[in-house]
file work.pdb (PDB, C-alpha atoms, pLDDT in the B column)
MODEL        1
ATOM      1  CA  MET A   1       0.000   0.000   0.000  1.00 79.00           C
ATOM      2  CA  ASN A   2       1.334   3.434  -0.936  1.00 94.00           C
ATOM      3  CA  GLU A   3       0.572   5.463   2.178  1.00 94.00           C
ATOM      4  CA  SER A   4       1.968   8.650   0.678  1.00 95.00           C
ATOM      5  CA  ALA A   5      -0.374   8.430  -2.319  1.00 96.00           C
ATOM      6  CA  ILE A   6      -3.320   7.601  -0.065  1.00 96.00           C
ATOM      7  CA  ALA A   7      -2.596  10.639   2.140  1.00 96.00           C
ATOM      8  CA  ALA A   8      -2.332  12.896  -0.916  1.00 97.00           C
ATOM      9  CA  PHE A   9      -5.568  11.435  -2.320  1.00 96.00           C
ATOM     10  CA  VAL A  10      -7.446  12.046   0.939  1.00 97.00           C
ATOM     11  CA  ALA A  11      -6.086  15.609   1.040  1.00 98.00           C
ATOM     12  CA  ARG A  12      -7.342  16.226  -2.516  1.00 97.00           C
ATOM     13  CA  ILE A  13     -10.746  14.801  -1.557  1.00 97.00           C
ATOM     14  CA  GLU A  14     -10.923  17.344   1.266  1.00 98.00           C
ATOM     15  CA  GLU A  15      -9.843  20.112  -1.101  1.00 98.00           C
ATOM     16  CA  ALA A  16     -12.629  19.101  -3.514  1.00 97.00           C
ATOM     17  CA  ARG A  17     -15.140  19.118  -0.649  1.00 98.00           C
ATOM     18  CA  GLN A  18     -14.074  22.648   0.299  1.00 98.00           C
ATOM     19  CA  LEU A  19     -14.502  23.790  -3.300  1.00 97.00           C
ATOM     20  CA  LEU A  20     -17.957  22.214  -3.460  1.00 97.00           C
ATOM     21  CA  ALA A  21     -18.942  23.938  -0.212  1.00 98.00           C
ATOM     22  CA  ALA A  22     -17.788  27.291  -1.603  1.00 98.00           C
ATOM     23  CA  ILE A  23     -19.717  26.685  -4.840  1.00 97.00           C
ATOM     24  CA  SER A  24     -22.816  25.706  -2.887  1.00 97.00           C
ATOM     25  CA  ALA A  25     -22.596  28.802  -0.684  1.00 98.00           C
ATOM     26  CA  SER A  26     -22.208  31.008  -3.752  1.00 96.00           C
ATOM     27  CA  LEU A  27     -25.252  29.429  -5.396  1.00 96.00           C
ATOM     28  CA  ASP A  28     -27.276  29.764  -2.184  1.00 96.00           C
ATOM     29  CA  ASP A  29     -26.430  33.489  -2.311  1.00 95.00           C
ATOM     30  CA  HIS A  30     -27.499  33.648  -5.975  1.00 93.00           C
ATOM     31  CA  LEU A  31     -23.860  34.398  -6.853  1.00 93.00           C
ATOM     32  CA  GLY A  32     -24.138  37.656  -4.940  1.00 93.00           C
ATOM     33  CA  TYR A  33     -26.459  39.248  -7.506  1.00 94.00           C
ATOM     34  CA  SER A  34     -29.573  41.161  -6.587  1.00 92.00           C
ATOM     35  CA  PRO A  35     -32.687  40.186  -8.549  1.00 91.00           C
ATOM     36  CA  ASP A  36     -32.904  43.672 -10.049  1.00 93.00           C
ATOM     37  CA  GLY A  37     -29.390  43.416 -11.452  1.00 93.00           C
ATOM     38  CA  ILE A  38     -29.760  40.114 -13.299  1.00 96.00           C
ATOM     39  CA  ASN A  39     -29.256  40.260 -17.049  1.00 97.00           C
ATOM     40  CA  TRP A  40     -28.696  37.769 -19.885  1.00 97.00           C
ATOM     41  CA  GLY A  41     -24.937  37.986 -19.372  1.00 96.00           C
ATOM     42  CA  HIS A  42     -25.417  36.470 -15.913  1.00 96.00           C
ATOM     43  CA  VAL A  43     -27.512  33.689 -17.443  1.00 97.00           C
ATOM     44  CA  GLY A  44     -24.777  32.956 -19.970  1.00 97.00           C
ATOM     45  CA  SER A  45     -22.104  32.920 -17.284  1.00 95.00           C
ATOM     46  CA  LEU A  46     -24.142  30.488 -15.214  1.00 96.00           C
ATOM     47  CA  ARG A  47     -24.645  28.256 -18.269  1.00 97.00           C
ATOM     48  CA  HIS A  48     -20.856  28.156 -18.614  1.00 97.00           C
ATOM     49  CA  VAL A  49     -20.484  27.221 -14.943  1.00 96.00           C
ATOM     50  CA  ILE A  50     -23.043  24.440 -15.395  1.00 97.00           C
ATOM     51  CA  ALA A  51     -21.180  23.139 -18.450  1.00 98.00           C
ATOM     52  CA  MET A  52     -17.949  22.991 -16.440  1.00 97.00           C
ATOM     53  CA  LEU A  53     -19.688  21.213 -13.559  1.00 96.00           C
ATOM     54  CA  LYS A  54     -21.139  18.674 -15.982  1.00 97.00           C
ATOM     55  CA  GLU A  55     -17.630  18.092 -17.338  1.00 96.00           C
ATOM     56  CA  VAL A  56     -16.393  17.414 -13.811  1.00 95.00           C
ATOM     57  CA  GLU A  57     -19.308  15.064 -13.172  1.00 94.00           C
ATOM     58  CA  THR A  58     -18.581  13.162 -16.395  1.00 95.00           C
ATOM     59  CA  HIS A  59     -14.914  12.890 -15.469  1.00 95.00           C
ATOM     60  CA  LEU A  60     -15.747  11.556 -12.011  1.00 92.00           C
ATOM     61  CA  GLU A  61     -18.208   9.021 -13.420  1.00 92.00           C
ATOM     62  CA  GLY A  62     -15.407   7.663 -15.593  1.00 88.00           C
ATOM     63  CA  ALA A  63     -13.053   7.512 -12.604  1.00 82.00           C
ATOM     64  CA  THR A  64     -15.419   5.234 -10.693  1.00 71.00           C
ATOM     65  CA  LYS A  65     -15.649   2.625 -13.435  1.00 65.00           C
TER      66      LYS A  65
ENDMDL
END
call {"tool": "encode", "arguments": {"input": "work.pdb", "output": "structure tokens"}}
result
Amino acid sequence: MNESAIAAFVARIEEARQLLAAISASLDDHLGYSPDGINWGHVGSLRHVIAMLKEVETHLEGATK
């Protein structure tokens, strides 16, 4: 067993969890935008974020197989 690799892997898992928590908090806050300030540029930016998240999800699905 490669304990060094396992420790690094667990550390990266925690780093990913912290990133997910930050993303979740940002989404809960509606990305800091007030409803009156929302425009189509914000919609496009969020579509890009969703595309990147889907890419991550696809990558992780492949890693578990």
call {"tool": "closest_atom_pairs", "arguments": {"input": "work.pdb", "of": "region 34-55 of chain A", "to": "region 7-24 of chain A", "cutoff": "12 Å", "atoms": "all atoms listed in the file", "output": "tab-separated table"}}
result
residue	atom	partner	partner_atom	distance
A:Leu46	CA	A:Ile23	CA	11.9
A:Val49	CA	A:Ile23	CA	10.1
A:Ile50	CA	A:Ile23	CA	11.3
A:Leu53	CA	A:Ile23	CA	10.3
call {"tool": "atom_distance", "arguments": {"input": "work.pdb", "atom1": "CA of Asp29 (chain A)", "atom2": "CA of Glu61 (chain A)"}}
result
28.1 Å
call {"tool": "axis_aligned_box", "arguments": {"input": "work.pdb", "around": "region 47-57 of chain A", "padding_each_side": "5 Å", "output": "AutoDock Vina command-line options"}}
result
--center_x -20.5 --center_y 21.7 --center_z -15.9 --size_x 18.3 --size_y 23.2 --size_z 15.4
call {"tool": "atom_distance", "arguments": {"input": "work.pdb", "atom1": "CA of Gly41 (chain A)", "atom2": "CA of Val56 (chain A)"}}
result
23.0 Å
call {"tool": "atom_distance", "arguments": {"input": "work.pdb", "atom1": "CA of Asp28 (chain A)", "atom2": "CA of Glu55 (chain A)"}}
result
21.4 Å
call {"tool": "decode", "arguments": {"input": "work.pdb", "residues": "region 9-55 of chain A", "atoms": "N, CA and C atoms", "output": "PDB file, in the first residue's frame"}}
result
ATOM      1  N   PHE A   9      -4.220  11.623  -1.766  1.00  0.00           N
ATOM      2  CA  PHE A   9      -5.568  11.435  -2.320  1.00  0.00           C
ATOM      3  C   PHE A   9      -6.620  11.958  -1.346  1.00  0.00           C
ATOM      4  N   VAL A  10      -6.496  11.600  -0.083  1.00  0.00           N
ATOM      5  CA  VAL A  10      -7.446  12.046   0.939  1.00  0.00           C
ATOM      6  C   VAL A  10      -7.392  13.568   1.068  1.00  0.00           C
ATOM      7  N   ALA A  11      -6.208  14.143   0.980  1.00  0.00           N
ATOM      8  CA  ALA A  11      -6.086  15.609   1.040  1.00  0.00           C
ATOM      9  C   ALA A  11      -6.783  16.260  -0.148  1.00  0.00           C
ATOM     10  N   ARG A  12      -6.673  15.673  -1.328  1.00  0.00           N
ATOM     11  CA  ARG A  12      -7.342  16.226  -2.516  1.00  0.00           C
ATOM     12  C   ARG A  12      -8.852  16.079  -2.402  1.00  0.00           C
ATOM     13  N   ILE A  13      -9.305  14.975  -1.803  1.00  0.00           N
ATOM     14  CA  ILE A  13     -10.746  14.801  -1.557  1.00  0.00           C
ATOM     15  C   ILE A  13     -11.252  15.944  -0.682  1.00  0.00           C
ATOM     16  N   GLU A  14     -10.515  16.256   0.368  1.00  0.00           N
ATOM     17  CA  GLU A  14     -10.923  17.344   1.266  1.00  0.00           C
ATOM     18  C   GLU A  14     -10.906  18.678   0.532  1.00  0.00           C
ATOM     19  N   GLU A  15      -9.908  18.889  -0.312  1.00  0.00           N
ATOM     20  CA  GLU A  15      -9.843  20.112  -1.101  1.00  0.00           C
ATOM     21  C   GLU A  15     -11.063  20.228  -2.024  1.00  0.00           C
ATOM     22  N   ALA A  16     -11.452  19.118  -2.643  1.00  0.00           N
ATOM     23  CA  ALA A  16     -12.629  19.101  -3.514  1.00  0.00           C
ATOM     24  C   ALA A  16     -13.887  19.404  -2.704  1.00  0.00           C
ATOM     25  N   ARG A  17     -13.976  18.845  -1.506  1.00  0.00           N
ATOM     26  CA  ARG A  17     -15.140  19.118  -0.649  1.00  0.00           C
ATOM     27  C   ARG A  17     -15.234  20.600  -0.295  1.00  0.00           C
ATOM     28  N   GLN A  18     -14.088  21.223  -0.019  1.00  0.00           N
ATOM     29  CA  GLN A  18     -14.074  22.648   0.299  1.00  0.00           C
ATOM     30  C   GLN A  18     -14.523  23.484  -0.905  1.00  0.00           C
ATOM     31  N   LEU A  19     -14.068  23.096  -2.088  1.00  0.00           N
ATOM     32  CA  LEU A  19     -14.502  23.790  -3.300  1.00  0.00           C
ATOM     33  C   LEU A  19     -16.003  23.645  -3.513  1.00  0.00           C
ATOM     34  N   LEU A  20     -16.521  22.436  -3.306  1.00  0.00           N
ATOM     35  CA  LEU A  20     -17.957  22.214  -3.460  1.00  0.00           C
ATOM     36  C   LEU A  20     -18.763  23.033  -2.452  1.00  0.00           C
ATOM     37  N   ALA A  21     -18.252  23.138  -1.224  1.00  0.00           N
ATOM     38  CA  ALA A  21     -18.942  23.938  -0.212  1.00  0.00           C
ATOM     39  C   ALA A  21     -18.954  25.411  -0.613  1.00  0.00           C
ATOM     40  N   ALA A  22     -17.851  25.905  -1.163  1.00  0.00           N
ATOM     41  CA  ALA A  22     -17.788  27.291  -1.603  1.00  0.00           C
ATOM     42  C   ALA A  22     -18.738  27.531  -2.779  1.00  0.00           C
ATOM     43  N   ILE A  23     -18.796  26.578  -3.701  1.00  0.00           N
ATOM     44  CA  ILE A  23     -19.717  26.685  -4.840  1.00  0.00           C
ATOM     45  C   ILE A  23     -21.155  26.692  -4.340  1.00  0.00           C
ATOM     46  N   SER A  24     -21.464  25.792  -3.432  1.00  0.00           N
ATOM     47  CA  SER A  24     -22.816  25.706  -2.887  1.00  0.00           C
ATOM     48  C   SER A  24     -23.215  26.995  -2.182  1.00  0.00           C
ATOM     49  N   ALA A  25     -22.301  27.553  -1.395  1.00  0.00           N
ATOM     50  CA  ALA A  25     -22.596  28.802  -0.684  1.00  0.00           C
ATOM     51  C   ALA A  25     -22.831  29.936  -1.680  1.00  0.00           C
ATOM     52  N   SER A  26     -22.041  29.971  -2.735  1.00  0.00           N
ATOM     53  CA  SER A  26     -22.208  31.008  -3.752  1.00  0.00           C
ATOM     54  C   SER A  26     -23.562  30.879  -4.449  1.00  0.00           C
ATOM     55  N   LEU A  27     -23.955  29.649  -4.760  1.00  0.00           N
ATOM     56  CA  LEU A  27     -25.252  29.429  -5.396  1.00  0.00           C
ATOM     57  C   LEU A  27     -26.397  29.779  -4.447  1.00  0.00           C
ATOM     58  N   ASP A  28     -26.246  29.430  -3.171  1.00  0.00           N
ATOM     59  CA  ASP A  28     -27.276  29.764  -2.184  1.00  0.00           C
ATOM     60  C   ASP A  28     -27.471  31.277  -2.089  1.00  0.00           C
ATOM     61  N   ASP A  29     -26.390  32.029  -2.349  1.00  0.00           N
ATOM     62  CA  ASP A  29     -26.430  33.489  -2.311  1.00  0.00           C
ATOM     63  C   ASP A  29     -26.757  34.079  -3.683  1.00  0.00           C
ATOM     64  N   HIS A  30     -27.187  33.224  -4.606  1.00  0.00           N
ATOM     65  CA  HIS A  30     -27.499  33.648  -5.975  1.00  0.00           C
ATOM     66  C   HIS A  30     -26.320  34.382  -6.610  1.00  0.00           C
ATOM     67  N   LEU A  31     -25.123  33.876  -6.318  1.00  0.00           N
ATOM     68  CA  LEU A  31     -23.860  34.398  -6.853  1.00  0.00           C
ATOM     69  C   LEU A  31     -23.625  35.857  -6.468  1.00  0.00           C
ATOM     70  N   GLY A  32     -24.322  36.297  -5.431  1.00  0.00           N
ATOM     71  CA  GLY A  32     -24.138  37.656  -4.940  1.00  0.00           C
ATOM     72  C   GLY A  32     -24.903  38.710  -5.724  1.00  0.00           C
ATOM     73  N   TYR A  33     -25.712  38.296  -6.687  1.00  0.00           N
ATOM     74  CA  TYR A  33     -26.459  39.248  -7.506  1.00  0.00           C
ATOM     75  C   TYR A  33     -27.808  39.557  -6.869  1.00  0.00           C
ATOM     76  N   SER A  34     -28.224  40.809  -7.012  1.00  0.00           N
ATOM     77  CA  SER A  34     -29.573  41.161  -6.587  1.00  0.00           C
ATOM     78  C   SER A  34     -30.512  40.868  -7.750  1.00  0.00           C
ATOM     79  N   PRO A  35     -31.747  40.506  -7.469  1.00  0.00           N
ATOM     80  CA  PRO A  35     -32.687  40.186  -8.549  1.00  0.00           C
ATOM     81  C   PRO A  35     -32.820  41.304  -9.576  1.00  0.00           C
ATOM     82  N   ASP A  36     -32.749  42.544  -9.131  1.00  0.00           N
ATOM     83  CA  ASP A  36     -32.904  43.672 -10.049  1.00  0.00           C
ATOM     84  C   ASP A  36     -31.709  43.848 -10.984  1.00  0.00           C
ATOM     85  N   GLY A  37     -30.578  43.247 -10.639  1.00  0.00           N
ATOM     86  CA  GLY A  37     -29.390  43.416 -11.452  1.00  0.00           C
ATOM     87  C   GLY A  37     -29.125  42.296 -12.438  1.00  0.00           C
ATOM     88  N   ILE A  38     -29.979  41.278 -12.436  1.00  0.00           N
ATOM     89  CA  ILE A  38     -29.760  40.114 -13.299  1.00  0.00           C
ATOM     90  C   ILE A  38     -30.006  40.485 -14.757  1.00  0.00           C
ATOM     91  N   ASN A  39     -29.075  40.051 -15.619  1.00  0.00           N
ATOM     92  CA  ASN A  39     -29.256  40.260 -17.049  1.00  0.00           C
ATOM     93  C   ASN A  39     -28.861  38.972 -17.787  1.00  0.00           C
ATOM     94  N   TRP A  40     -28.977  38.980 -19.110  1.00  0.00           N
ATOM     95  CA  TRP A  40     -28.696  37.769 -19.885  1.00  0.00           C
ATOM     96  C   TRP A  40     -27.223  37.378 -19.824  1.00  0.00           C
ATOM     97  N   GLY A  41     -26.354  38.322 -19.556  1.00  0.00           N
ATOM     98  CA  GLY A  41     -24.937  37.986 -19.372  1.00  0.00           C
ATOM     99  C   GLY A  41     -24.741  37.073 -18.177  1.00  0.00           C
ATOM    100  N   HIS A  42     -25.488  37.331 -17.098  1.00  0.00           N
ATOM    101  CA  HIS A  42     -25.417  36.470 -15.913  1.00  0.00           C
ATOM    102  C   HIS A  42     -25.913  35.061 -16.238  1.00  0.00           C
ATOM    103  N   VAL A  43     -26.967  34.988 -17.037  1.00  0.00           N
ATOM    104  CA  VAL A  43     -27.512  33.689 -17.443  1.00  0.00           C
ATOM    105  C   VAL A  43     -26.460  32.922 -18.237  1.00  0.00           C
ATOM    106  N   GLY A  44     -25.812  33.606 -19.166  1.00  0.00           N
ATOM    107  CA  GLY A  44     -24.777  32.956 -19.970  1.00  0.00           C
ATOM    108  C   GLY A  44     -23.607  32.490 -19.131  1.00  0.00           C
ATOM    109  N   SER A  45     -23.201  33.309 -18.173  1.00  0.00           N
ATOM    110  CA  SER A  45     -22.104  32.920 -17.284  1.00  0.00           C
ATOM    111  C   SER A  45     -22.468  31.685 -16.472  1.00  0.00           C
ATOM    112  N   LEU A  46     -23.701  31.639 -16.001  1.00  0.00           N
ATOM    113  CA  LEU A  46     -24.142  30.488 -15.214  1.00  0.00           C
ATOM    114  C   LEU A  46     -24.244  29.241 -16.084  1.00  0.00           C
ATOM    115  N   ARG A  47     -24.622  29.404 -17.349  1.00  0.00           N
ATOM    116  CA  ARG A  47     -24.645  28.256 -18.269  1.00  0.00           C
ATOM    117  C   ARG A  47     -23.232  27.695 -18.444  1.00  0.00           C
ATOM    118  N   HIS A  48     -22.250  28.583 -18.495  1.00  0.00           N
ATOM    119  CA  HIS A  48     -20.856  28.156 -18.614  1.00  0.00           C
ATOM    120  C   HIS A  48     -20.428  27.390 -17.362  1.00  0.00           C
ATOM    121  N   VAL A  49     -20.792  27.898 -16.205  1.00  0.00           N
ATOM    122  CA  VAL A  49     -20.484  27.221 -14.943  1.00  0.00           C
ATOM    123  C   VAL A  49     -21.108  25.827 -14.935  1.00  0.00           C
ATOM    124  N   ILE A  50     -22.356  25.730 -15.361  1.00  0.00           N
ATOM    125  CA  ILE A  50     -23.043  24.440 -15.395  1.00  0.00           C
ATOM    126  C   ILE A  50     -22.344  23.491 -16.348  1.00  0.00           C
ATOM    127  N   ALA A  51     -21.901  23.984 -17.494  1.00  0.00           N
ATOM    128  CA  ALA A  51     -21.180  23.139 -18.450  1.00  0.00           C
ATOM    129  C   ALA A  51     -19.895  22.601 -17.829  1.00  0.00           C
ATOM    130  N   MET A  52     -19.176  23.452 -17.092  1.00  0.00           N
ATOM    131  CA  MET A  52     -17.949  22.991 -16.440  1.00  0.00           C
ATOM    132  C   MET A  52     -18.247  21.961 -15.358  1.00  0.00           C
ATOM    133  N   LEU A  53     -19.313  22.171 -14.599  1.00  0.00           N
ATOM    134  CA  LEU A  53     -19.688  21.213 -13.559  1.00  0.00           C
ATOM    135  C   LEU A  53     -20.092  19.868 -14.165  1.00  0.00           C
ATOM    136  N   LYS A  54     -20.778  19.914 -15.297  1.00  0.00           N
ATOM    137  CA  LYS A  54     -21.139  18.674 -15.982  1.00  0.00           C
ATOM    138  C   LYS A  54     -19.891  17.944 -16.462  1.00  0.00           C
ATOM    139  N   GLU A  55     -18.889  18.698 -16.910  1.00  0.00           N
ATOM    140  CA  GLU A  55     -17.630  18.092 -17.338  1.00  0.00           C
ATOM    141  C   GLU A  55     -16.948  17.393 -16.165  1.00  0.00           C
TER     142      GLU A  55
END
